[in-house]
>>> print(open('my_file11.txt').read())   # compact mmCIF, C-alpha atoms and all ligand atoms
# COMPACT_ATOMS: atom_id res chain seq x y z
CA MET O 1 0.00 0.00 0.00
CA THR O 2 1.60 3.25 -1.10
CA ALA O 3 -0.96 6.07 -1.06
CA ALA O 4 -1.41 7.90 2.25
CA LEU O 5 -5.16 8.00 1.64
CA GLU O 6 -6.53 4.94 -0.09
CA ILE O 7 -10.27 4.75 -0.82
CA ARG O 8 -11.25 1.22 -1.81
CA GLY O 9 -14.61 0.50 -3.34
CA ILE O 10 -16.79 2.44 -0.92
CA THR O 11 -20.56 2.42 -1.28
CA LYS O 12 -22.96 4.37 0.91
CA ARG O 13 -26.74 4.21 0.75
CA PHE O 14 -29.27 6.42 2.44
CA GLY O 15 -32.48 4.42 2.13
CA ALA O 16 -33.15 3.93 -1.57
CA LEU O 17 -30.55 6.51 -2.56
CA THR O 18 -27.01 5.40 -3.37
CA ALA O 19 -25.00 8.48 -2.41
CA VAL O 20 -21.62 6.85 -3.16
CA ASN O 21 -21.31 3.87 -5.48
CA ASP O 22 -18.15 1.72 -5.48
CA VAL O 23 -15.72 4.64 -5.42
CA SER O 24 -11.96 4.00 -5.36
CA PHE O 25 -8.99 6.33 -5.60
CA GLY O 26 -5.89 7.31 -3.67
CA VAL O 27 -3.98 10.43 -2.65
CA GLU O 28 -0.20 10.23 -2.34
CA ARG O 29 2.01 12.01 0.16
CA GLY O 30 2.67 15.56 -1.00
CA GLN O 31 -0.19 15.37 -3.49
CA ILE O 32 -3.19 17.72 -3.67
CA LEU O 33 -6.13 15.96 -5.28
CA GLY O 34 -9.16 18.01 -6.27
CA PHE O 35 -12.51 16.35 -5.73
CA ILE O 36 -15.07 17.83 -8.08
CA GLY O 37 -18.65 17.12 -8.90
CA PRO O 38 -22.03 18.85 -8.93
CA ASN O 39 -24.18 19.39 -5.86
CA GLY O 40 -25.29 16.12 -4.31
CA ALA O 41 -22.63 14.10 -6.17
CA GLY O 42 -21.38 12.40 -3.01
CA LYS O 43 -18.26 14.43 -2.19
CA THR O 44 -19.11 15.24 1.42
CA THR O 45 -20.36 11.70 2.04
CA THR O 46 -17.09 10.25 0.71
CA MET O 47 -15.07 12.67 2.83
CA ARG O 48 -17.09 11.93 5.96
CA ILE O 49 -16.46 8.21 5.50
CA CYS O 50 -12.71 8.93 5.22
CA ALA O 51 -12.94 10.97 8.41
CA THR O 52 -14.64 8.07 10.31
CA LEU O 53 -17.85 10.10 10.70
CA GLU O 54 -19.92 7.74 8.58
CA TYR O 55 -19.70 3.99 7.95
CA PRO O 56 -19.61 2.75 4.38
CA ASP O 57 -22.04 -0.06 3.47
CA HIS O 58 -19.25 -1.64 1.43
CA GLY O 59 -15.56 -1.04 0.97
CA ASP O 60 -12.96 0.51 3.21
CA VAL O 61 -10.67 3.52 3.47
CA PHE O 62 -7.06 3.36 4.62
CA VAL O 63 -5.21 6.29 6.15
CA ASP O 64 -1.50 5.60 6.33
CA GLY O 65 -2.48 1.95 6.06
CA HIS O 66 -5.05 2.04 8.90
CA SER O 67 -8.59 0.97 8.11
CA VAL O 68 -11.42 3.36 9.05
CA LEU O 69 -13.51 0.29 9.93
CA THR O 70 -11.11 -1.52 12.22
CA TYR O 71 -8.72 1.22 13.42
CA PRO O 72 -10.75 4.45 13.53
CA ARG O 73 -8.69 5.86 16.43
CA GLU O 74 -5.44 5.46 14.49
CA VAL O 75 -7.12 7.08 11.51
CA ARG O 76 -8.31 10.05 13.58
CA ALA O 77 -4.82 10.57 14.96
CA ARG O 78 -3.44 10.88 11.42
CA LEU O 79 -6.24 12.65 9.62
CA GLY O 80 -7.39 16.27 9.66
CA PHE O 81 -10.91 16.96 8.41
CA MET O 82 -12.12 20.46 7.67
CA PRO O 83 -15.90 20.25 7.23
CA ASP O 84 -17.82 22.57 4.93
CA SER O 85 -19.47 24.25 7.90
CA TYR O 86 -18.88 24.18 11.60
CA GLY O 87 -20.57 25.34 14.75
CA ALA O 88 -20.63 28.80 16.24
CA TYR O 89 -18.73 29.37 19.44
CA ALA O 90 -20.07 32.29 21.51
CA ASN O 91 -17.73 34.22 23.83
CA THR O 92 -14.69 32.26 22.68
CA THR O 93 -11.49 33.78 21.36
CA ILE O 94 -9.27 32.29 18.70
CA TRP O 95 -6.69 31.30 21.27
CA GLU O 96 -9.26 29.72 23.62
CA TYR O 97 -10.76 27.77 20.75
CA LEU O 98 -7.42 26.37 19.57
CA ASP O 99 -6.26 25.68 23.12
CA PHE O 100 -9.49 23.79 23.80
CA PHE O 101 -9.01 21.50 20.81
CA ALA O 102 -5.31 21.07 21.55
CA ARG O 103 -6.36 19.77 25.00
CA ALA O 104 -8.85 17.47 23.32
CA TYR O 105 -5.97 16.07 21.27
CA GLY O 106 -4.13 15.38 24.50
CA LEU O 107 -1.43 18.03 24.11
CA LYS O 108 -0.14 19.21 27.48
CA GLY O 109 1.76 22.15 29.01
CA ASP O 110 4.53 23.67 26.94
CA ALA O 111 3.92 21.30 24.03
CA ARG O 112 0.34 22.57 23.81
CA ARG O 113 1.33 26.25 23.99
CA LYS O 114 4.00 25.67 21.37
CA ARG O 115 1.66 23.86 18.99
CA VAL O 116 -1.12 26.43 19.32
CA GLY O 117 1.47 29.14 18.60
CA GLU O 118 2.75 27.26 15.56
CA VAL O 119 -0.64 26.78 13.95
CA MET O 120 -1.55 30.43 14.65
CA ASP O 121 1.70 31.52 13.00
CA PHE O 122 1.14 29.26 10.03
CA THR O 123 -2.39 30.56 9.44
CA GLN O 124 -1.39 34.14 10.38
CA LEU O 125 -3.89 34.35 13.19
CA GLY O 126 -1.35 35.32 15.87
CA ASP O 127 -2.26 39.01 15.89
CA LEU O 128 -5.95 38.12 16.17
CA GLN O 129 -5.66 35.59 18.98
CA GLU O 130 -7.75 37.63 21.43
CA LYS O 131 -10.52 38.23 18.90
CA GLU O 132 -13.84 36.54 19.53
CA ILE O 133 -14.83 33.93 16.97
CA ALA O 134 -18.29 35.44 16.57
CA THR O 135 -16.68 38.62 15.21
CA LEU O 136 -14.43 36.96 12.62
CA SER O 137 -14.89 37.37 8.89
CA LYS O 138 -15.51 34.31 6.72
CA GLY O 139 -11.88 34.24 5.59
CA MET O 140 -10.58 34.43 9.17
CA LYS O 141 -12.98 31.66 10.23
CA GLN O 142 -11.73 29.43 7.43
CA ARG O 143 -8.15 30.00 8.53
CA LEU O 144 -9.10 29.25 12.12
CA CYS O 145 -10.80 26.03 11.04
CA LEU O 146 -7.68 25.08 9.10
CA ALA O 147 -5.54 25.90 12.15
CA LYS O 148 -7.68 23.61 14.28
CA THR O 149 -7.40 20.85 11.68
CA LEU O 150 -3.59 21.14 11.91
CA LEU O 151 -3.22 20.93 15.70
CA HIS O 152 -2.37 17.23 15.76
CA ASP O 153 -0.12 17.50 12.70
CA PRO O 154 -2.12 15.09 10.52
CA SER O 155 -0.45 13.39 7.56
CA VAL O 156 -3.68 13.28 5.56
CA MET O 157 -5.94 16.31 5.20
CA ILE O 158 -9.49 16.39 3.89
CA LEU O 159 -10.83 19.83 3.13
CA ASP O 160 -14.50 20.11 2.16
CA GLU O 161 -15.10 23.29 0.15
CA PRO O 162 -12.51 25.33 2.05
CA ALA O 163 -12.71 28.20 -0.43
CA ALA O 164 -16.49 28.63 -0.40
CA GLY O 165 -17.41 32.22 0.31
CA LEU O 166 -13.86 33.55 0.24
CA ASP O 167 -12.87 36.66 -1.68
CA PRO O 168 -10.15 36.33 -4.35
CA ARG O 169 -7.32 37.40 -2.05
CA ALA O 170 -8.39 35.04 0.73
CA ARG O 171 -8.58 32.26 -1.84
CA VAL O 172 -5.04 32.92 -3.02
CA GLU O 173 -3.88 32.87 0.61
CA LEU O 174 -5.71 29.61 1.26
CA ARG O 175 -4.18 28.11 -1.86
CA GLU O 176 -0.71 29.07 -0.67
CA LEU O 177 -1.37 27.49 2.73
CA VAL O 178 -2.62 24.28 1.15
CA ARG O 179 0.40 24.18 -1.16
CA ALA O 180 2.71 24.70 1.80
CA LEU O 181 1.04 21.78 3.59
CA ALA O 182 1.55 19.55 0.55
CA GLY O 183 5.16 20.71 0.52
CA MET O 184 5.46 19.29 4.04
CA GLY O 185 4.49 15.91 2.59
CA LYS O 186 0.85 15.81 3.62
CA ALA O 187 -1.67 14.11 1.33
CA ILE O 188 -4.55 16.50 0.68
CA LEU O 189 -8.01 15.88 -0.72
CA VAL O 190 -9.88 19.11 -1.40
CA SER O 191 -13.37 19.54 -2.79
CA SER O 192 -14.49 22.66 -4.55
CA HIS O 193 -16.89 24.05 -7.09
CA ILE O 194 -14.40 26.72 -8.02
CA LEU O 195 -12.77 24.91 -10.87
CA THR O 196 -10.14 27.47 -11.77
CA GLU O 197 -8.97 27.41 -8.20
CA LEU O 198 -8.70 23.62 -8.20
CA ALA O 199 -6.82 23.66 -11.48
CA GLU O 200 -4.25 26.06 -10.03
CA MET O 201 -3.91 24.24 -6.75
CA CYS O 202 -4.24 20.54 -7.53
CA ASP O 203 -1.90 17.97 -8.99
CA GLY O 204 -4.81 15.84 -10.09
CA VAL O 205 -8.57 15.56 -9.87
CA ALA O 206 -11.23 12.97 -9.17
CA VAL O 207 -14.58 13.71 -10.81
CA ILE O 208 -17.72 12.31 -9.22
CA GLU O 209 -21.36 12.52 -10.23
CA ARG O 210 -24.42 10.88 -8.68
CA GLY O 211 -22.17 8.75 -6.53
CA GLU O 212 -20.12 7.41 -9.45
CA LEU O 213 -16.49 8.19 -10.05
CA LYS O 214 -16.26 9.46 -13.62
CA ALA O 215 -12.51 10.00 -13.91
CA THR O 216 -9.33 10.36 -11.91
CA GLY O 217 -5.93 11.57 -12.97
CA LEU O 218 -4.03 14.64 -14.04
CA VAL O 219 -6.22 17.34 -15.53
CA GLY O 220 -4.15 17.25 -18.74
CA ASP O 221 -4.45 13.47 -19.09
CA ILE O 222 -8.20 13.54 -18.55
CA THR O 223 -8.75 16.32 -21.06
CA ARG O 224 -6.59 14.57 -23.64
CA GLY O 225 -8.67 11.44 -23.14
CA LEU O 226 -11.87 13.43 -23.67
CA ARG O 227 -10.73 15.10 -26.85
CA SER O 228 -9.94 13.26 -30.03
CA HIS O 229 -8.57 16.43 -31.63
CA ALA O 230 -6.17 19.14 -30.60
CA GLN O 231 -7.70 22.59 -30.34
CA VAL O 232 -5.82 25.53 -31.77
CA TYR O 233 -6.37 29.23 -31.36
CA VAL O 234 -5.25 31.59 -34.10
CA ARG O 235 -5.46 35.34 -34.44
CA VAL O 236 -4.23 37.39 -37.37
CA LEU O 237 -3.81 41.11 -38.08
CA GLU O 238 -6.23 40.87 -41.01
CA PRO O 239 -10.03 40.94 -40.58
CA ILE O 240 -11.39 37.78 -39.00
CA GLU O 241 -13.49 36.93 -42.10
CA VAL O 242 -10.29 36.61 -44.17
CA LEU O 243 -8.93 34.13 -41.64
CA GLU O 244 -12.19 32.18 -41.60
CA ARG O 245 -12.14 31.87 -45.40
CA ALA O 246 -8.53 30.68 -45.36
CA LEU O 247 -9.24 28.09 -42.65
CA ALA O 248 -12.33 26.82 -44.49
CA GLU O 249 -10.07 25.65 -47.32
CA GLN O 250 -7.87 23.57 -45.01
CA PRO O 251 -8.94 19.90 -44.98
CA LEU O 252 -7.69 19.11 -41.44
CA VAL O 253 -9.42 22.10 -39.86
CA GLN O 254 -12.76 21.28 -38.27
CA LYS O 255 -15.35 23.21 -36.33
CA ALA O 256 -13.73 26.61 -36.74
CA ARG O 257 -15.51 29.12 -34.53
CA ARG O 258 -14.87 32.66 -33.40
CA ASP O 259 -13.44 33.26 -29.98
CA GLY O 260 -12.83 36.91 -29.14
CA ALA O 261 -10.66 38.45 -31.82
CA GLY O 262 -9.48 35.07 -33.14
CA VAL O 263 -10.70 31.67 -34.24
CA VAL O 264 -10.53 28.32 -32.45
CA PHE O 265 -10.57 25.13 -34.49
CA ASP O 266 -10.12 21.40 -34.02
CA HIS O 267 -7.14 19.94 -35.82
CA ALA O 268 -7.05 16.24 -36.59
CA GLY O 269 -3.51 16.10 -37.97
CA ALA O 270 -0.02 15.56 -36.59
CA PRO O 271 2.10 18.51 -35.38
CA ALA O 272 3.89 18.58 -38.75
CA GLU O 273 0.53 19.14 -40.48
CA LEU O 274 -0.19 21.96 -38.08
CA ALA O 275 3.15 23.56 -38.93
CA LYS O 276 2.26 23.29 -42.64
CA LEU O 277 -1.08 24.92 -41.95
CA LEU O 278 0.63 27.89 -40.34
CA ALA O 279 3.03 28.18 -43.26
CA ALA O 280 0.06 28.06 -45.65
CA LEU O 281 -1.69 30.90 -43.85
CA VAL O 282 1.48 33.00 -43.99
CA ALA O 283 1.97 32.12 -47.67
CA GLN O 284 -1.53 33.49 -48.33
CA GLY O 285 -0.41 36.83 -46.92
CA LEU O 286 -2.01 36.46 -43.48
CA GLN O 287 -0.04 37.76 -40.50
CA PRO O 288 -0.60 35.53 -37.47
CA VAL O 289 0.06 37.17 -34.11
CA GLU O 290 -1.18 34.20 -32.08
CA PHE O 291 -1.12 30.54 -33.03
CA ALA O 292 -1.23 28.17 -30.10
CA PRO O 293 -2.73 24.89 -28.99
CA ARG O 294 -5.41 25.49 -26.45
CA GLU O 295 -5.36 23.37 -23.33
CA ALA O 296 -8.73 22.08 -22.26
CA ASN O 297 -9.58 23.44 -18.84
CA LEU O 298 -11.21 21.93 -15.83
CA GLU O 299 -14.52 23.53 -16.68
CA GLU O 300 -14.60 21.58 -19.92
CA VAL O 301 -13.75 18.36 -18.06
CA PHE O 302 -16.50 19.03 -15.55
CA LEU O 303 -19.15 19.81 -18.14
CA THR O 304 -18.18 16.92 -20.40
CA LEU O 305 -18.03 14.28 -17.71
CA THR O 306 -21.07 15.32 -15.74
CA GLU O 307 -24.61 15.54 -16.99
CA GLY O 308 -25.99 18.00 -14.49
CA LYS O 309 -28.62 15.60 -13.20
CA LEU O 310 -29.43 15.77 -9.53
CA GLN O 311 -30.47 12.89 -7.37
N1 LIG M 1 -27.56 11.88 6.17
C1 LIG M 1 -28.15 11.77 4.99
N2 LIG M 1 -29.38 11.22 4.87
C2 LIG M 1 -29.95 11.09 3.64
N3 LIG M 1 -29.38 11.47 2.50
C3 LIG M 1 -28.19 12.03 2.55
C4 LIG M 1 -27.49 12.22 3.78
N4 LIG M 1 -26.29 12.81 3.53
C5 LIG M 1 -26.25 12.98 2.18
N5 LIG M 1 -27.38 12.52 1.59
C6 LIG M 1 -27.65 12.51 0.16
O1 LIG M 1 -26.54 11.91 -0.50
C7 LIG M 1 -26.26 12.58 -1.73
C8 LIG M 1 -24.83 13.04 -1.71
O2 LIG M 1 -24.70 14.12 -0.79
P1 LIG M 1 -23.32 14.83 -0.50
O3 LIG M 1 -23.54 15.80 0.59
O4 LIG M 1 -22.27 13.80 -0.30
O5 LIG M 1 -23.05 15.59 -1.87
P2 LIG M 1 -21.93 16.67 -2.23
O6 LIG M 1 -21.24 16.18 -3.45
O7 LIG M 1 -21.10 16.97 -1.05
O8 LIG M 1 -22.80 17.94 -2.62
P3 LIG M 1 -22.53 19.51 -2.43
O9 LIG M 1 -21.67 19.93 -3.58
O10 LIG M 1 -23.89 20.11 -2.55
O11 LIG M 1 -21.88 19.71 -1.10
C9 LIG M 1 -27.29 13.69 -1.86
O12 LIG M 1 -28.33 13.23 -2.66
C10 LIG M 1 -27.75 13.91 -0.44
O13 LIG M 1 -29.06 14.38 -0.40
MG MG M 2 -20.74 18.68 0.04
>>> encode(input="my_file11.txt", output="structure tokens", more="lines below")
Ligand SMILES: Nc1ncnc2c1ncn2[C@@H]1O[C@H](COP(=O)(O)OP(=O)(O)OP(=O)(O)O)[C@@H](O)[C@H]1O
Ligand SMILES: [Mg+2]
Amino acid sequence: MTAALEIRGITKRFGALTAVNDVSFGVERGQILGFIGPNGAGKTTTMRICATLEYPDHGDVFVDGHSVLTYPREVRARLGFMPDSYGAYANTTIWEYLDFFARAYGLKGDARRKRVGEVMDFTQLGDLQEKEIATLSKGMKQRLCLAKTLLHDPSVMILDEPAAGLDPRARVELRELVRALAGMGKAILVSSHILTELAEMCDGVAVIERGELKATGLVGDITRGLRSHAQVYVRVLEPIEVLERALAEQPLVQKARRDGAGVVFDHAGAPAELAKLLAALVAQGLQPVEFAPREANLEEVFLTLTEGKLQ
């Protein structure tokens, strides 16, 4: 067993509804895996099973080799779960909150003070430690929740929609924190609906819909698997109609369509054919200023693999 988090064939039913159906994938040490899927796809249910908060009907999850079914205590000691929402704590400051949970994790005396200080430093909450939780902004609360998740220095982290409701700057900061944690060798599973953010942060993705895993792997590999043709974007100095006419005469160019000031088309040929196409455009007197393969993005993966049906 190599992956730090290993999900093996888990199925979870709620009455007649199969929320998670025979899902398997793994997250390696130092890897950030994005978990994407539409509302109700089964992301939170999968994560809660990993965090020992829910039993699967079938299958098992291993955290650093420990089964959630037979060794839940060992799993809890090694796993940090940041839920998508958490309770309100009246009349409690940041420091009191973290100190309380550090006690719950069994940290004592100087070790506890040191650890609380470390997680506050890491999440940049030190200056706010006397602030009451009820008065924190959404971004501060998310950082506090992350700080709490880090108290016992877990090797596997499960973050359920950590970026929901954050402004762009707070999202960038969160992304940097998550990257730093991966840099420390932690395995991180993070769910999000913000696909651009996942694409920037994650090494790979797992796509789930209606409880079924649709794909796992690197974003680039998945998109290449989805597309039979390369997509190319071209923009020339001449009017766009001239370019469209020139492309229409090229046998390997398919589905040319306007995109901003240029044209995107599918190209079925080898790179050498693409080079010839560019030369042909230039030979016709066109002046290309952009000519580049276009990478499929996560949004395309999401929309192609999922059907948008709710259950
Ligand atoms: N405790 C429960 N009892 C009954 N049904 C549940 C329960 N928890 C989840 N479900 C159902 O299981 C399915 C999966 O829910 P889940 O919360 O895992 O989805 P999700 O992918 O996290 O969605 P979202 O993006 O909206 O957070 C949904 O149809 C949901 O209604
Ligand atoms: Mg959810």
>>> closest_residue(input="my_file11.txt", among="O:Leu174, O:Ile188, O:Ala90, O:Val263", to="O:Val236", atoms="all atoms listed in the file")
O:Val263
>>> closest_atom_pairs(input="my_file11.txt", of="chain O", to="ligand MG 2 (chain M)", cutoff="9 Å", atoms="only C-alpha atoms and all ligand atoms", output="JSON lines")
{"residue": "O:Asn39", "atom": "CA", "partner": "M:MG2", "partner_atom": "MG", "distance": 6.9}
{"residue": "O:Gly40", "atom": "CA", "partner": "M:MG2", "partner_atom": "MG", "distance": 6.8}
{"residue": "O:Ala41", "atom": "CA", "partner": "M:MG2", "partner_atom": "MG", "distance": 7.9}
{"residue": "O:Gly42", "atom": "CA", "partner": "M:MG2", "partner_atom": "MG", "distance": 7.0}
{"residue": "O:Lys43", "atom": "CA", "partner": "M:MG2", "partner_atom": "MG", "distance": 5.4}
{"residue": "O:Thr44", "atom": "CA", "partner": "M:MG2", "partner_atom": "MG", "distance": 4.0}
{"residue": "O:Thr45", "atom": "CA", "partner": "M:MG2", "partner_atom": "MG", "distance": 7.3}
{"residue": "O:Met47", "atom": "CA", "partner": "M:MG2", "partner_atom": "MG", "distance": 8.7}
{"residue": "O:Pro83", "atom": "CA", "partner": "M:MG2", "partner_atom": "MG", "distance": 8.8}
{"residue": "O:Asp84", "atom": "CA", "partner": "M:MG2", "partner_atom": "MG", "distance": 6.9}
{"residue": "O:Asp160", "atom": "CA", "partner": "M:MG2", "partner_atom": "MG", "distance": 6.7}
{"residue": "O:Glu161", "atom": "CA", "partner": "M:MG2", "partner_atom": "MG", "distance": 7.3}
{"residue": "O:Ser191", "atom": "CA", "partner": "M:MG2", "partner_atom": "MG", "distance": 7.9}
{"residue": "O:Ser192", "atom": "CA", "partner": "M:MG2", "partner_atom": "MG", "distance": 8.7}
>>> closest_residue(input="my_file11.txt", among="O:Ala170, O:Ile158, O:Leu213, O:Ile194", to="O:Arg8", atoms="all atoms listed in the file")
O:Leu213
>>> closest_atom_pairs(input="my_file11.txt", of="chain O", to="ligand LIG 1 (chain M)", cutoff="12 Å", atoms="all atoms listed in the file", output="Markdown table")
| residue | atom | partner | partner_atom | distance |
| --- | --- | --- | --- | --- |
| O:Thr11 | CA | M:LIG1 | O1 | 11.2 |
| O:Lys12 | CA | M:LIG1 | O1 | 8.5 |
| O:Arg13 | CA | M:LIG1 | O1 | 7.8 |
| O:Phe14 | CA | M:LIG1 | C2 | 4.9 |
| O:Gly15 | CA | M:LIG1 | C2 | 7.3 |
| O:Ala16 | CA | M:LIG1 | N3 | 9.4 |
| O:Leu17 | CA | M:LIG1 | O1 | 7.0 |
| O:Thr18 | CA | M:LIG1 | O1 | 7.1 |
| O:Ala19 | CA | M:LIG1 | O1 | 4.2 |
| O:Val20 | CA | M:LIG1 | C8 | 7.1 |
| O:Asn21 | CA | M:LIG1 | C8 | 10.5 |
| O:Phe35 | CA | M:LIG1 | O6 | 9.0 |
| O:Ile36 | CA | M:LIG1 | O6 | 7.9 |
| O:Gly37 | CA | M:LIG1 | O6 | 6.1 |
| O:Pro38 | CA | M:LIG1 | O9 | 5.5 |
| O:Asn39 | CA | M:LIG1 | O10 | 3.4 |
| O:Gly40 | CA | M:LIG1 | O5 | 3.4 |
| O:Ala41 | CA | M:LIG1 | O6 | 3.7 |
| O:Gly42 | CA | M:LIG1 | O4 | 3.2 |
| O:Lys43 | CA | M:LIG1 | O6 | 3.7 |
| O:Thr44 | CA | M:LIG1 | O7 | 3.6 |
| O:Thr45 | CA | M:LIG1 | O4 | 3.7 |
| O:Thr46 | CA | M:LIG1 | O4 | 6.4 |
| O:Met47 | CA | M:LIG1 | O4 | 7.9 |
| O:Arg48 | CA | M:LIG1 | O4 | 8.3 |
| O:Ile49 | CA | M:LIG1 | O4 | 9.9 |
| O:Leu53 | CA | M:LIG1 | N1 | 10.9 |
| O:Glu54 | CA | M:LIG1 | N1 | 9.0 |
| O:Tyr55 | CA | M:LIG1 | N1 | 11.3 |
| O:Pro83 | CA | M:LIG1 | O11 | 10.3 |
| O:Asp84 | CA | M:LIG1 | O11 | 7.8 |
| O:Ser85 | CA | M:LIG1 | O11 | 10.4 |
| O:Leu159 | CA | M:LIG1 | O7 | 11.5 |
| O:Asp160 | CA | M:LIG1 | O7 | 8.0 |
| O:Glu161 | CA | M:LIG1 | O11 | 7.8 |
| O:Pro162 | CA | M:LIG1 | O11 | 11.4 |
| O:Ala164 | CA | M:LIG1 | O11 | 10.4 |
| O:Val190 | CA | M:LIG1 | O7 | 11.4 |
| O:Ser191 | CA | M:LIG1 | O7 | 8.3 |
| O:Ser192 | CA | M:LIG1 | O9 | 7.7 |
| O:His193 | CA | M:LIG1 | O9 | 7.2 |
| O:Ile194 | CA | M:LIG1 | O9 | 10.9 |
| O:Ala206 | CA | M:LIG1 | O6 | 12.0 |
| O:Val207 | CA | M:LIG1 | O6 | 10.2 |
| O:Ile208 | CA | M:LIG1 | O6 | 7.8 |
| O:Glu209 | CA | M:LIG1 | O6 | 7.7 |
| O:Arg210 | CA | M:LIG1 | C8 | 7.3 |
| O:Gly211 | CA | M:LIG1 | C8 | 7.0 |
| O:Glu212 | CA | M:LIG1 | C8 | 10.7 |
| O:Leu213 | CA | M:LIG1 | O6 | 11.4 |
| O:Gly308 | CA | M:LIG1 | O9 | 11.9 |
| O:Lys309 | CA | M:LIG1 | O12 | 10.8 |
| O:Leu310 | CA | M:LIG1 | O12 | 7.4 |
| O:Gln311 | CA | M:LIG1 | O12 | 5.2 |
>>> atom_distance(input="my_file11.txt", atom1="atom CA of O:Leu98", atom2="atom CA of O:Ala147")
7.7 Å
>>> residues_around(input="my_file11.txt", residues="O:Leu247", least_positions_apart="5", cutoff="12 Å", atoms="all atoms listed in the file", output="ChimeraX atom specification")
/O:232-236,240-242,252-258,262-267,274,277-278,280-282,284,286
>>> build_atoms(input="my_file11.txt", residues="stretch 280-295 of chain O", atoms="N, CA and C atoms", output="PDB file, in the frame of the given file")
ATOM      1  N   ALA O 280       1.013  27.766 -44.579  1.00  0.00           N
ATOM      2  CA  ALA O 280       0.060  28.060 -45.650  1.00  0.00           C
ATOM      3  C   ALA O 280      -0.656  29.388 -45.410  1.00  0.00           C
ATOM      4  N   LEU O 281      -1.015  29.632 -44.170  1.00  0.00           N
ATOM      5  CA  LEU O 281      -1.690  30.900 -43.850  1.00  0.00           C
ATOM      6  C   LEU O 281      -0.762  32.074 -44.154  1.00  0.00           C
ATOM      7  N   VAL O 282       0.502  31.936 -43.754  1.00  0.00           N
ATOM      8  CA  VAL O 282       1.480  33.000 -43.990  1.00  0.00           C
ATOM      9  C   VAL O 282       1.687  33.189 -45.499  1.00  0.00           C
ATOM     10  N   ALA O 283       1.764  32.052 -46.216  1.00  0.00           N
ATOM     11  CA  ALA O 283       1.970  32.120 -47.670  1.00  0.00           C
ATOM     12  C   ALA O 283       0.825  32.849 -48.365  1.00  0.00           C
ATOM     13  N   GLN O 284      -0.373  32.782 -47.746  1.00  0.00           N
ATOM     14  CA  GLN O 284      -1.530  33.490 -48.330  1.00  0.00           C
ATOM     15  C   GLN O 284      -1.537  34.965 -47.956  1.00  0.00           C
ATOM     16  N   GLY O 285      -0.505  35.407 -47.260  1.00  0.00           N
ATOM     17  CA  GLY O 285      -0.410  36.830 -46.920  1.00  0.00           C
ATOM     18  C   GLY O 285      -1.003  37.181 -45.565  1.00  0.00           C
ATOM     19  N   LEU O 286      -1.476  36.173 -44.822  1.00  0.00           N
ATOM     20  CA  LEU O 286      -2.010  36.460 -43.480  1.00  0.00           C
ATOM     21  C   LEU O 286      -0.847  36.679 -42.503  1.00  0.00           C
ATOM     22  N   GLN O 287      -1.090  37.475 -41.483  1.00  0.00           N
ATOM     23  CA  GLN O 287      -0.040  37.760 -40.500  1.00  0.00           C
ATOM     24  C   GLN O 287      -0.478  37.288 -39.113  1.00  0.00           C
ATOM     25  N   PRO O 288      -0.177  36.035 -38.787  1.00  0.00           N
ATOM     26  CA  PRO O 288      -0.600  35.530 -37.470  1.00  0.00           C
ATOM     27  C   PRO O 288       0.153  36.218 -36.331  1.00  0.00           C
ATOM     28  N   VAL O 289      -0.587  36.633 -35.312  1.00  0.00           N
ATOM     29  CA  VAL O 289       0.060  37.170 -34.110  1.00  0.00           C
ATOM     30  C   VAL O 289      -0.103  36.203 -32.932  1.00  0.00           C
ATOM     31  N   GLU O 290      -1.053  35.267 -33.084  1.00  0.00           N
ATOM     32  CA  GLU O 290      -1.180  34.200 -32.080  1.00  0.00           C
ATOM     33  C   GLU O 290      -1.516  32.918 -32.817  1.00  0.00           C
ATOM     34  N   PHE O 291      -0.852  31.839 -32.421  1.00  0.00           N
ATOM     35  CA  PHE O 291      -1.120  30.540 -33.030  1.00  0.00           C
ATOM     36  C   PHE O 291      -0.690  29.509 -31.988  1.00  0.00           C
ATOM     37  N   ALA O 292      -1.642  28.987 -31.237  1.00  0.00           N
ATOM     38  CA  ALA O 292      -1.230  28.170 -30.100  1.00  0.00           C
ATOM     39  C   ALA O 292      -2.257  27.089 -29.810  1.00  0.00           C
ATOM     40  N   PRO O 293      -1.781  25.902 -29.437  1.00  0.00           N
ATOM     41  CA  PRO O 293      -2.730  24.890 -28.990  1.00  0.00           C
ATOM     42  C   PRO O 293      -3.431  25.364 -27.739  1.00  0.00           C
ATOM     43  N   ARG O 294      -4.672  25.055 -27.641  1.00  0.00           N
ATOM     44  CA  ARG O 294      -5.410  25.490 -26.450  1.00  0.00           C
ATOM     45  C   ARG O 294      -5.644  24.298 -25.550  1.00  0.00           C
ATOM     46  N   GLU O 295      -5.170  24.430 -24.319  1.00  0.00           N
ATOM     47  CA  GLU O 295      -5.360  23.370 -23.330  1.00  0.00           C
ATOM     48  C   GLU O 295      -6.820  23.343 -22.910  1.00  0.00           C
TER      49      GLU O 295
END
